[in-house]
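Content type mmCIF, C-alpha atoms, from the file target19.cif:
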data_entry
loop_
_atom_site.group_PDB
_atom_site.id
_atom_site.type_symbol
_atom_site.label_atom_id
_atom_site.label_comp_id
_atom_site.auth_asym_id
_atom_site.auth_seq_id
_atom_site.Cartn_x
_atom_site.Cartn_y
_atom_site.Cartn_z
ATOM 1 C CA MET A 262 11.192 15.222 0.582
ATOM 2 C CA ALA A 263 10.725 12.769 -2.265
ATOM 3 C CA ILE A 264 7.294 11.796 -0.951
ATOM 4 C CA SER A 265 6.064 15.389 -0.969
ATOM 5 C CA LYS A 266 7.282 15.773 -4.570
ATOM 6 C CA PHE A 267 5.400 12.601 -5.474
ATOM 7 C CA TYR A 268 2.154 13.883 -3.953
ATOM 8 C CA PHE A 269 2.602 17.277 -5.627
ATOM 9 C CA LEU A 270 3.021 15.506 -8.965
ATOM 10 C CA LEU A 271 -0.005 13.312 -8.291
ATOM 11 C CA PHE A 272 -2.084 16.336 -7.297
ATOM 12 C CA SER A 273 -0.987 18.184 -10.458
ATOM 13 C CA ILE A 274 -1.932 15.235 -12.648
ATOM 14 C CA CYS A 275 -5.353 15.098 -10.982
ATOM 15 C CA ASN A 276 -5.891 18.791 -11.668
ATOM 16 C CA VAL A 277 -4.963 18.334 -15.326
ATOM 17 C CA ALA A 278 -7.318 15.368 -15.587
ATOM 18 C CA VAL A 279 -10.143 17.422 -14.074
ATOM 19 C CA ALA A 280 -9.459 20.313 -16.451
ATOM 20 C CA VAL A 281 -9.528 18.011 -19.470
ATOM 21 C CA SER A 282 -12.689 16.236 -18.366
ATOM 22 C CA GLU A 283 -14.637 19.486 -17.813
ATOM 23 C CA ASN A 284 -15.022 19.829 -21.568
ATOM 24 C CA SER A 285 -16.473 16.351 -22.165
ATOM 25 C CA GLY A 286 -19.430 16.641 -19.753
ATOM 26 C CA SER A 287 -19.864 12.865 -19.394
ATOM 27 C CA CYS A 288 -17.296 12.358 -16.615
ATOM 28 C CA TYR A 289 -17.987 12.583 -12.889
ATOM 29 C CA LYS A 290 -16.076 15.480 -11.320
ATOM 30 C CA ILE A 291 -14.220 14.872 -8.054
ATOM 31 C CA GLU A 292 -13.045 17.907 -6.136
ATOM 32 C CA PRO A 293 -9.291 18.149 -5.415
ATOM 33 C CA GLY A 294 -10.035 18.380 -1.685
ATOM 34 C CA THR A 295 -11.825 15.042 -1.844
ATOM 35 C CA VAL A 296 -8.891 13.415 -3.615
ATOM 36 C CA ALA A 297 -6.461 14.883 -1.060
ATOM 37 C CA GLY A 298 -8.674 13.615 1.787
ATOM 38 C CA ILE A 299 -8.781 10.110 0.326
ATOM 39 C CA ILE A 300 -4.993 10.074 -0.025
ATOM 40 C CA CYS A 301 -4.489 11.307 3.562
ATOM 41 C CA VAL A 302 -6.882 8.728 5.004
ATOM 42 C CA ASP A 303 -5.159 6.011 2.974
ATOM 43 C CA ILE A 304 -1.778 7.009 4.413
ATOM 44 C CA VAL A 305 -3.133 7.057 7.978
ATOM 45 C CA LEU A 306 -4.783 3.640 7.604
ATOM 46 C CA THR A 307 -1.631 2.178 6.054
ATOM 47 C CA LEU A 308 0.485 3.442 8.958
ATOM 48 C CA LEU A 309 -2.054 2.069 11.441
ATOM 49 C CA ILE A 310 -1.941 -1.375 9.808
ATOM 50 C CA VAL A 311 1.873 -1.330 9.821
ATOM 51 C CA MET A 312 2.005 -0.366 13.515
ATOM 52 C CA VAL A 313 -0.489 -3.069 14.559
ATOM 53 C CA THR A 314 1.373 -5.699 12.534
ATOM 54 C CA TYR A 315 4.709 -4.651 14.056
ATOM 55 C CA HIS A 316 3.254 -4.736 17.570
ATOM 56 C CA CYS A 317 1.791 -8.235 17.104
ATOM 57 C CA ALA A 318 4.983 -9.594 15.540
ATOM 58 C CA ARG A 319 7.122 -8.102 18.316
ATOM 59 C CA ASN A 320 4.951 -9.679 21.023
ATOM 60 C CA GLN A 321 5.171 -13.071 19.326
ATOM 61 C CA LEU A 322 8.951 -12.772 19.081
ATOM 62 C CA GLN A 323 9.233 -11.870 22.776
ATOM 63 C CA ARG A 324 7.134 -14.901 23.721
ATOM 64 C CA SER A 325 9.396 -17.201 21.724
ATOM 65 C CA TYR A 326 12.493 -15.767 23.449
ATOM 66 C CA LYS A 327 10.913 -16.305 26.853
ATOM 67 C CA ALA A 328 10.093 -19.924 25.936
ATOM 68 C CA GLU A 329 13.788 -20.637 25.290
ATOM 69 C CA LYS A 330 14.818 -19.646 28.833
ATOM 70 C CA VAL A 331 15.593 -22.474 31.219
ATOM 71 C CA TYR A 332 14.978 -22.340 34.966
ATOM 72 C CA MET A 333 16.677 -25.059 37.008
ATOM 73 C CA ASN A 334 17.019 -27.370 33.997
ATOM 74 C CA VAL A 335 13.291 -27.240 33.255
ATOM 75 C CA PRO A 336 12.248 -25.514 30.015
ATOM 76 C CA ALA A 337 9.737 -22.716 30.467
ATOM 77 C CA LYS A 338 6.262 -23.332 29.110
ATOM 78 C CA CYS A 339 4.788 -20.865 26.688
ATOM 79 C CA LYS A 340 1.105 -20.527 25.921
ATOM 80 C CA ALA A 341 0.535 -20.461 22.184
#

Let me see the file written as structure tokens.
Amino acid sequence: MAISKFYFLLFSICNVAVAVSENSGSCYKIEPGTVAGIICVDIVLTLLIVMVTYHCARNQLQRSYKAEKVYMNVPAKCKA
């Protein structure tokens, strides 16, 4: 809920900035749809990076737990 309020506020600020810059003529105009698309892609890429990092860290942790197991008084060998 708080995130959607944040994006609404950000979108509103962008619209105000575009409205103010229309009078100057020297600024490059970016459409609100483009800004929204950039924000959405950024969120998707951030979530993808977080998921890949979590997956790699979890696999490393599982390998270290398996290396601590002992079978008939011989420590298990773990490939690093």

- Query: Residues around (-7.2, 16.1, -1.0), cut-off 12 Å, counting all atoms listed in the file - what are they as a ChimeraX atom specification?
  - Reply: /A:268-269,271-273,275-276,291-304

Enclose segment 313-323 of chain A, meaning all of its atoms listed in the file, in a box aligned along x, y and z, pad it by 6 Å on each side, and list the centre and edge lengths in Å to one decimal, as lines of an AutoDock Vina configuration file.
center_x = 4.4
center_y = -8.1
center_z = 17.7
size_x = 21.7
size_y = 22.0
size_z = 22.2

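Between atom CA of Thr307 of chain A and atom CA of Ser265 of chain A the interatomic distance comes to 16.8 Å.
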
- Task: Give me, please, the distance in Å between atom CA of Val311 of chain A and atom CA of Arg324 of chain A, quoted to one decimal.
- Result: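 So the two atoms, atom CA of Val311 of chain A and atom CA of Arg324 of chain A, lie 20.1 Å apart.
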
- Message: Please compute the atom CA of Leu322 of chain A-atom CA of Leu309 of chain A distance, one decimal, in Å.
- Response: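 So the answer is 20.0 Å.
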